[in-house]
Structures are given as C-alpha cells and as structure tokens.
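Some notes on the structure that comes next.
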Amino acid sequence: MNRRNFLIWVPVAIISFIAIAANLLNKLWNYIIGPKLTEEQEAKLIEKRIQNLERTAGLEKLREERLLKSKIFICDLKDLKKKEGISFVDFNLRPALAFKGTNYEPVLISSVCTHLGCTVQNKLNKGRLLCPCHISYFELETGKPLEGPAKTPLPMIPFVVEDEKVYILKNV
C-alpha cells in the first residue's frame, strides 16, 4: 500500500469507527432509558401492574386465611355433582376438585397431575379424571392412575362435613 492510499483509507477507517461507536452508544442509551411510551401505552402498562398487584393481594389473602384457620369452607354438600367437580385451592394453594362420590359422600382430590404437574380436567371422562397434557387417566375415588404416563396417584384432600357444608382440613 502506498502513502497516498494510506492517507485515503485512514480517514475512512476513523469515520467508520466513529459511526459504529456512535450507533452502539445510541443503542446502549436507549436500552438504559427505556422506550418512550405514549400516554395510552403508559396507562395500559399501569393497568396491567394494578391487575398483577390485585392478583398478588388475592393470593396473600388466601395464604393468610390458611395460616389462621384449621378448616376452610369449600361448598355446600348439595352443590357437589357426580360428573363435574367444583374447583378450589387447597391449603398449599394448589388446585383441587370436589365431587360427589359413588356412595354420595364427598371426594376431594388434588387436580395437579403427578406426571408433570398439569391440571386435571374438572369433568369426568367415562367416569375417570383426565389430564389432557399427556393423556393420563385417574380413578376418582382413589386417585389411582389407570392409563397414561402417570404412575403416582392423585393425593386425596382431607375434609370434614359439618351442617351440610364441606370444609377442607389443614394438613397436620
């Protein structure tokens, strides 16, 4: 490379380096200060934050209730059905279902599949509980797995019936 070409390419290289550095600094600055939102976008963001706070407050109320009480009302005995379960949250804040069993006694069972933790459907499928994620079937009365990849039974939820009302009991 001769001296003349060198003097041409050096300013080009310097200008290119400055342009790349300026672009990089601009992107870094925009990342640090964040996007510029319109008032409407900012209002929607605040609304979503409020919804998340309300959801969190609801969970904390459930957690408080479970700390202070030894039993929690689930439903009236007359509201239980044989083919469709009533969804509720157990003492560990996990989803569960309440059915009327074959002997007309309540059946309260966890609805968290023991295979990979999906939620079991609340309607019976040919008299069985179905986990739709990997097609596992469970016996309602015992939680025993009947078909599919699940090998462990669904846990039964301890309960008591008082004055025609069903309550779940704190696990001791």
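Numbering starts fresh at 1 for the residues of each chain in the structure tokens, the chains themselves are lettered A, B, ... in the order given, and ligands are numbered from 1 as they appear.
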Can you list, as a PDB file with N, CA and C atoms, in the first residue's frame, every residue of chain A that DSSP puts in alpha helix (DSSP H)?
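So the final result, stored in part-v6.pdb, reads:
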```pdb
ATOM      1  N   ARG A   3       1.666   5.449   0.101  1.00  0.00           N
ATOM      2  CA  ARG A   3       1.347   6.518   1.039  1.00  0.00           C
ATOM      3  C   ARG A   3       0.021   7.208   0.696  1.00  0.00           C
ATOM      4  N   ARG A   4      -0.242   7.369  -0.554  1.00  0.00           N
ATOM      5  CA  ARG A   4      -1.463   8.053  -0.990  1.00  0.00           C
ATOM      6  C   ARG A   4      -2.710   7.250  -0.603  1.00  0.00           C
ATOM      7  N   ASN A   5      -2.705   5.932  -0.863  1.00  0.00           N
ATOM      8  CA  ASN A   5      -3.833   5.079  -0.482  1.00  0.00           C
ATOM      9  C   ASN A   5      -3.996   5.043   1.038  1.00  0.00           C
ATOM     10  N   PHE A   6      -2.873   5.022   1.741  1.00  0.00           N
ATOM     11  CA  PHE A   6      -2.918   5.017   3.199  1.00  0.00           C
ATOM     12  C   PHE A   6      -3.636   6.265   3.719  1.00  0.00           C
ATOM     13  N   LEU A   7      -3.303   7.428   3.158  1.00  0.00           N
ATOM     14  CA  LEU A   7      -3.914   8.683   3.602  1.00  0.00           C
ATOM     15  C   LEU A   7      -5.402   8.750   3.242  1.00  0.00           C
ATOM     16  N   ILE A   8      -5.831   8.012   2.233  1.00  0.00           N
ATOM     17  CA  ILE A   8      -7.252   7.959   1.871  1.00  0.00           C
ATOM     18  C   ILE A   8      -8.002   7.033   2.835  1.00  0.00           C
ATOM     19  N   TRP A   9      -7.424   5.860   3.124  1.00  0.00           N
ATOM     20  CA  TRP A   9      -8.123   4.847   3.915  1.00  0.00           C
ATOM     21  C   TRP A   9      -8.135   5.129   5.413  1.00  0.00           C
ATOM     22  N   VAL A  10      -7.166   5.841   5.927  1.00  0.00           N
ATOM     23  CA  VAL A  10      -7.138   6.144   7.364  1.00  0.00           C
ATOM     24  C   VAL A  10      -8.352   6.985   7.754  1.00  0.00           C
ATOM     25  N   PRO A  11      -8.670   8.100   7.088  1.00  0.00           N
ATOM     26  CA  PRO A  11      -9.871   8.857   7.477  1.00  0.00           C
ATOM     27  C   PRO A  11     -11.158   8.040   7.313  1.00  0.00           C
ATOM     28  N   VAL A  12     -11.214   7.201   6.268  1.00  0.00           N
ATOM     29  CA  VAL A  12     -12.393   6.348   6.068  1.00  0.00           C
ATOM     30  C   VAL A  12     -12.546   5.397   7.251  1.00  0.00           C
ATOM     31  N   ALA A  13     -11.453   4.792   7.687  1.00  0.00           N
ATOM     32  CA  ALA A  13     -11.490   3.866   8.820  1.00  0.00           C
ATOM     33  C   ALA A  13     -11.896   4.591  10.096  1.00  0.00           C
ATOM     34  N   ILE A  14     -11.355   5.782  10.312  1.00  0.00           N
ATOM     35  CA  ILE A  14     -11.683   6.552  11.518  1.00  0.00           C
ATOM     36  C   ILE A  14     -13.158   6.939  11.506  1.00  0.00           C
ATOM     37  N   ILE A  15     -13.664   7.407  10.393  1.00  0.00           N
ATOM     38  CA  ILE A  15     -15.075   7.799  10.281  1.00  0.00           C
ATOM     39  C   ILE A  15     -15.982   6.577  10.495  1.00  0.00           C
ATOM     40  N   SER A  16     -15.602   5.430   9.938  1.00  0.00           N
ATOM     41  CA  SER A  16     -16.390   4.201  10.112  1.00  0.00           C
ATOM     42  C   SER A  16     -16.413   3.792  11.584  1.00  0.00           C
ATOM     43  N   PHE A  17     -15.257   3.851  12.239  1.00  0.00           N
ATOM     44  CA  PHE A  17     -15.178   3.504  13.655  1.00  0.00           C
ATOM     45  C   PHE A  17     -16.060   4.436  14.490  1.00  0.00           C
ATOM     46  N   ILE A  18     -16.018   5.729  14.215  1.00  0.00           N
ATOM     47  CA  ILE A  18     -16.833   6.710  14.942  1.00  0.00           C
ATOM     48  C   ILE A  18     -18.324   6.428  14.713  1.00  0.00           C
ATOM     49  N   ALA A  19     -18.715   6.097  13.486  1.00  0.00           N
ATOM     50  CA  ALA A  19     -20.124   5.810  13.183  1.00  0.00           C
ATOM     51  C   ALA A  19     -20.602   4.565  13.935  1.00  0.00           C
ATOM     52  N   ILE A  20     -19.767   3.523  13.951  1.00  0.00           N
ATOM     53  CA  ILE A  20     -20.141   2.286  14.664  1.00  0.00           C
ATOM     54  C   ILE A  20     -20.243   2.549  16.160  1.00  0.00           C
ATOM     55  N   ALA A  21     -19.272   3.280  16.715  1.00  0.00           N
ATOM     56  CA  ALA A  21     -19.283   3.589  18.148  1.00  0.00           C
ATOM     57  C   ALA A  21     -20.500   4.442  18.505  1.00  0.00           C
ATOM     58  N   ALA A  22     -20.843   5.420  17.668  1.00  0.00           N
ATOM     59  CA  ALA A  22     -21.994   6.284  17.930  1.00  0.00           C
ATOM     60  C   ALA A  22     -23.288   5.466  17.899  1.00  0.00           C
ATOM     61  N   ASN A  23     -23.411   4.573  16.952  1.00  0.00           N
ATOM     62  CA  ASN A  23     -24.589   3.710  16.852  1.00  0.00           C
ATOM     63  C   ASN A  23     -24.701   2.821  18.101  1.00  0.00           C
ATOM     64  N   LEU A  24     -23.575   2.237  18.516  1.00  0.00           N
ATOM     65  CA  LEU A  24     -23.560   1.391  19.699  1.00  0.00           C
ATOM     66  C   LEU A  24     -23.934   2.191  20.947  1.00  0.00           C
ATOM     67  N   LEU A  25     -23.391   3.375  21.118  1.00  0.00           N
ATOM     68  CA  LEU A  25     -23.727   4.226  22.262  1.00  0.00           C
ATOM     69  C   LEU A  25     -25.201   4.641  22.236  1.00  0.00           C
ATOM     70  N   ASN A  26     -25.743   4.911  21.057  1.00  0.00           N
ATOM     71  CA  ASN A  26     -27.157   5.260  20.929  1.00  0.00           C
ATOM     72  C   ASN A  26     -28.043   4.095  21.384  1.00  0.00           C
ATOM     73  N   LYS A  27     -27.707   2.888  20.945  1.00  0.00           N
ATOM     74  CA  LYS A  27     -28.488   1.716  21.344  1.00  0.00           C
ATOM     75  C   LYS A  27     -28.381   1.476  22.839  1.00  0.00           C
ATOM     76  N   LEU A  28     -27.184   1.636  23.391  1.00  0.00           N
ATOM     77  CA  LEU A  28     -26.982   1.464  24.820  1.00  0.00           C
ATOM     78  C   LEU A  28     -27.779   2.502  25.603  1.00  0.00           C
ATOM     79  N   TRP A  29     -27.777   3.742  25.174  1.00  0.00           N
ATOM     80  CA  TRP A  29     -28.535   4.810  25.825  1.00  0.00           C
ATOM     81  C   TRP A  29     -30.030   4.510  25.787  1.00  0.00           C
ATOM     82  N   ASN A  30     -30.535   4.085  24.629  1.00  0.00           N
ATOM     83  CA  ASN A  30     -31.957   3.756  24.506  1.00  0.00           C
ATOM     84  C   ASN A  30     -32.336   2.570  25.395  1.00  0.00           C
ATOM     85  N   TYR A  31     -31.415   1.618  25.554  1.00  0.00           N
ATOM     86  CA  TYR A  31     -31.671   0.474  26.425  1.00  0.00           C
ATOM     87  C   TYR A  31     -31.759   0.937  27.883  1.00  0.00           C
ATOM     88  N   ILE A  32     -30.861   1.819  28.280  1.00  0.00           N
ATOM     89  CA  ILE A  32     -30.826   2.287  29.670  1.00  0.00           C
ATOM     90  C   ILE A  32     -32.055   3.125  30.006  1.00  0.00           C
ATOM     91  N   ILE A  33     -32.423   4.063  29.155  1.00  0.00           N
ATOM     92  CA  ILE A  33     -33.556   4.937  29.487  1.00  0.00           C
ATOM     93  C   ILE A  33     -34.896   4.285  29.158  1.00  0.00           C
ATOM     94  N   GLU A  39     -48.984   8.183  26.095  1.00  0.00           N
ATOM     95  CA  GLU A  39     -49.782   8.216  27.318  1.00  0.00           C
ATOM     96  C   GLU A  39     -50.722   7.022  27.393  1.00  0.00           C
ATOM     97  N   GLU A  40     -51.268   6.622  26.247  1.00  0.00           N
ATOM     98  CA  GLU A  40     -52.169   5.469  26.200  1.00  0.00           C
ATOM     99  C   GLU A  40     -51.419   4.180  26.552  1.00  0.00           C
ATOM    100  N   GLN A  41     -50.222   4.005  25.997  1.00  0.00           N
ATOM    101  CA  GLN A  41     -49.420   2.819  26.302  1.00  0.00           C
ATOM    102  C   GLN A  41     -49.028   2.796  27.773  1.00  0.00           C
ATOM    103  N   GLU A  42     -48.658   3.942  28.314  1.00  0.00           N
ATOM    104  CA  GLU A  42     -48.270   4.018  29.725  1.00  0.00           C
ATOM    105  C   GLU A  42     -49.464   3.700  30.625  1.00  0.00           C
ATOM    106  N   ALA A  43     -50.663   4.165  30.252  1.00  0.00           N
ATOM    107  CA  ALA A  43     -51.874   3.882  31.024  1.00  0.00           C
ATOM    108  C   ALA A  43     -52.174   2.384  31.019  1.00  0.00           C
ATOM    109  N   LYS A  44     -52.011   1.729  29.863  1.00  0.00           N
ATOM    110  CA  LYS A  44     -52.230   0.275  29.780  1.00  0.00           C
ATOM    111  C   LYS A  44     -51.219  -0.476  30.640  1.00  0.00           C
ATOM    112  N   LEU A  45     -49.978  -0.027  30.645  1.00  0.00           N
ATOM    113  CA  LEU A  45     -48.935  -0.652  31.459  1.00  0.00           C
ATOM    114  C   LEU A  45     -49.273  -0.524  32.944  1.00  0.00           C
ATOM    115  N   ILE A  46     -49.727   0.641  33.353  1.00  0.00           N
ATOM    116  CA  ILE A  46     -50.112   0.854  34.754  1.00  0.00           C
ATOM    117  C   ILE A  46     -51.307  -0.025  35.113  1.00  0.00           C
ATOM    118  N   GLU A  47     -52.267  -0.152  34.191  1.00  0.00           N
ATOM    119  CA  GLU A  47     -53.435  -1.011  34.430  1.00  0.00           C
ATOM    120  C   GLU A  47     -53.002  -2.465  34.637  1.00  0.00           C
ATOM    121  N   LYS A  48     -52.066  -2.944  33.824  1.00  0.00           N
ATOM    122  CA  LYS A  48     -51.564  -4.316  33.983  1.00  0.00           C
ATOM    123  C   LYS A  48     -50.847  -4.488  35.314  1.00  0.00           C
ATOM    124  N   ARG A  49     -50.092  -3.489  35.726  1.00  0.00           N
ATOM    125  CA  ARG A  49     -49.410  -3.556  37.025  1.00  0.00           C
ATOM    126  C   ARG A  49     -50.422  -3.635  38.160  1.00  0.00           C
ATOM    127  N   ILE A  50     -51.505  -2.850  38.060  1.00  0.00           N
ATOM    128  CA  ILE A  50     -52.550  -2.885  39.092  1.00  0.00           C
ATOM    129  C   ILE A  50     -53.204  -4.266  39.132  1.00  0.00           C
ATOM    130  N   GLN A  51     -53.482  -4.859  37.970  1.00  0.00           N
ATOM    131  CA  GLN A  51     -54.078  -6.203  37.929  1.00  0.00           C
ATOM    132  C   GLN A  51     -53.150  -7.225  38.582  1.00  0.00           C
ATOM    133  N   ASN A  52     -51.853  -7.127  38.309  1.00  0.00           N
ATOM    134  CA  ASN A  52     -50.889  -8.046  38.932  1.00  0.00           C
ATOM    135  C   ASN A  52     -50.862  -7.866  40.449  1.00  0.00           C
ATOM    136  N   LEU A  53     -50.919  -6.626  40.905  1.00  0.00           N
ATOM    137  CA  LEU A  53     -50.941  -6.367  42.351  1.00  0.00           C
ATOM    138  C   LEU A  53     -52.205  -6.931  42.991  1.00  0.00           C
ATOM    139  N   GLU A  54     -53.350  -6.789  42.314  1.00  0.00           N
ATOM    140  CA  GLU A  54     -54.607  -7.331  42.842  1.00  0.00           C
ATOM    141  C   GLU A  54     -54.558  -8.852  42.910  1.00  0.00           C
ATOM    142  N   ARG A  55     -53.971  -9.490  41.885  1.00  0.00           N
ATOM    143  CA  ARG A  55     -53.823 -10.944  41.902  1.00  0.00           C
ATOM    144  C   ARG A  55     -52.932 -11.379  43.062  1.00  0.00           C
ATOM    145  N   THR A  56     -51.837 -10.667  43.243  1.00  0.00           N
ATOM    146  CA  THR A  56     -50.923 -10.974  44.337  1.00  0.00           C
ATOM    147  C   THR A  56     -51.612 -10.782  45.680  1.00  0.00           C
ATOM    148  N   ALA A  57     -52.381  -9.704  45.818  1.00  0.00           N
ATOM    149  CA  ALA A  57     -53.114  -9.459  47.065  1.00  0.00           C
ATOM    150  C   ALA A  57     -54.105 -10.592  47.332  1.00  0.00           C
ATOM    151  N   GLY A  58     -54.778 -11.077  46.290  1.00  0.00           N
ATOM    152  CA  GLY A  58     -55.713 -12.195  46.449  1.00  0.00           C
ATOM    153  C   GLY A  58     -55.009 -13.451  46.944  1.00  0.00           C
ATOM    154  N   LEU A  59     -53.846 -13.744  46.380  1.00  0.00           N
ATOM    155  CA  LEU A  59     -53.087 -14.916  46.834  1.00  0.00           C
ATOM    156  C   LEU A  59     -52.617 -14.752  48.274  1.00  0.00           C
ATOM    157  N   GLU A  60     -52.213 -13.552  48.624  1.00  0.00           N
ATOM    158  CA  GLU A  60     -51.764 -13.312  50.000  1.00  0.00           C
ATOM    159  C   GLU A  60     -52.921 -13.445  50.983  1.00  0.00           C
ATOM    160  N   LYS A  61     -54.140 -13.046  50.583  1.00  0.00           N
ATOM    161  CA  LYS A  61     -55.313 -13.232  51.448  1.00  0.00           C
ATOM    162  C   LYS A  61     -55.581 -14.728  51.651  1.00  0.00           C
ATOM    163  N   LEU A  62     -55.453 -15.512  50.571  1.00  0.00           N
ATOM    164  CA  LEU A  62     -55.623 -16.962  50.703  1.00  0.00           C
ATOM    165  C   LEU A  62     -54.564 -17.549  51.625  1.00  0.00           C
ATOM    166  N   ARG A  63     -53.329 -17.094  51.479  1.00  0.00           N
ATOM    167  CA  ARG A  63     -52.238 -17.589  52.326  1.00  0.00           C
ATOM    168  C   ARG A  63     -52.502 -17.236  53.794  1.00  0.00           C
ATOM    169  N   GLU A  64     -52.971 -15.998  54.038  1.00  0.00           N
ATOM    170  CA  GLU A  64     -53.284 -15.568  55.408  1.00  0.00           C
ATOM    171  C   GLU A  64     -54.407 -16.427  55.989  1.00  0.00           C
ATOM    172  N   GLU A  65     -55.461 -16.658  55.195  1.00  0.00           N
ATOM    173  CA  GLU A  65     -56.586 -17.467  55.650  1.00  0.00           C
ATOM    174  C   GLU A  65     -56.114 -18.866  56.040  1.00  0.00           C
ATOM    175  N   ARG A  66     -55.207 -19.413  55.264  1.00  0.00           N
ATOM    176  CA  ARG A  66     -54.728 -20.758  55.524  1.00  0.00           C
ATOM    177  C   ARG A  66     -53.809 -20.831  56.746  1.00  0.00           C
ATOM    178  N   LEU A  67     -53.170 -19.734  57.080  1.00  0.00           N
ATOM    179  CA  LEU A  67     -52.341 -19.699  58.284  1.00  0.00           C
ATOM    180  C   LEU A  67     -53.192 -19.615  59.546  1.00  0.00           C
ATOM    181  N   LEU A  68     -54.301 -18.892  59.470  1.00  0.00           N
ATOM    182  CA  LEU A  68     -55.093 -18.610  60.657  1.00  0.00           C
ATOM    183  C   LEU A  68     -56.171 -19.651  60.950  1.00  0.00           C
TER     184      LEU A  68
END
```
Which of chain A fall in strand (DSSP E or B), as a PyMOL selection string: chain A and resi 71-76+84+86-89+95-100+106-110+112+119+123+125+128-131+136-139+145-147+156+159-162+165-169
Might you pull out every residue within 10 Å of Lys78 of chain A, with only C-alpha atoms counted and same-chain residues fewer than 4 positions away left off, and present them as a PyMOL selection string? chain A and resi 100+164-166
Between atom CA of Gly117 of chain A and atom CA of Ile168 of chain A, what is the distance in Å, rounded to a tenth?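 Rounded to one decimal, the two atoms are 21.4 Å apart.
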Can you tell me, as a PyMOL selection string, what residues are no more than 6 Å from Ala98 of chain A when counting only C-alpha atoms, ignoring any on the same chain fewer than 2 positions away? chain A and resi 85-86+107-108
Rows by chain and residue number, segment 4-112 of chain A within 10 Å of segment 125-130 of chain A, shortest pair, only C-alpha atoms, as CSV:
```
residue,atom,partner,partner_atom,distance
A:Lys82,CA,A:Gly127,CA,9.0
A:Lys83,CA,A:Gly127,CA,7.4
A:Glu84,CA,A:Asn125,CA,9.8
A:Gly85,CA,A:Leu129,CA,9.9
A:Ser111,CA,A:Leu129,CA,8.9
```
Go ahead and write the residues just picked, C-alpha atoms, as a PDB file, in the first residue's frame.
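The resulting out28.pdb:
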```pdb
ATOM      1  CA  LYS A  82     -71.057 -36.697  40.276  1.00  0.00           C
ATOM      2  CA  LYS A  83     -69.685 -35.777  36.837  1.00  0.00           C
ATOM      3  CA  GLU A  84     -68.362 -32.234  37.286  1.00  0.00           C
ATOM      4  CA  GLY A  85     -66.015 -31.159  40.045  1.00  0.00           C
ATOM      5  CA  SER A 111     -56.079 -31.658  40.391  1.00  0.00           C
TER       6      SER A 111
END
```
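Relative to atom CA of Asp90 of chain A, atom CA of Ile74 of chain A is found at 9.4 Å.
Restricting the calculation to only C-alpha atoms, the smallest distance between Leu80 of chain A and any of A:His115, A:Arg94, A:Thr38, A:Glu105 is found for A:Glu105.
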Of the candidates A:Tyr104, A:Lys151, A:Thr114, A:Leu140, which shows the shortest atom-to-atom distance to Asp79 of chain A, using only C-alpha atoms?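 Counting only C-alpha atoms, the residue closest to Asp79 of chain A is A:Tyr104.
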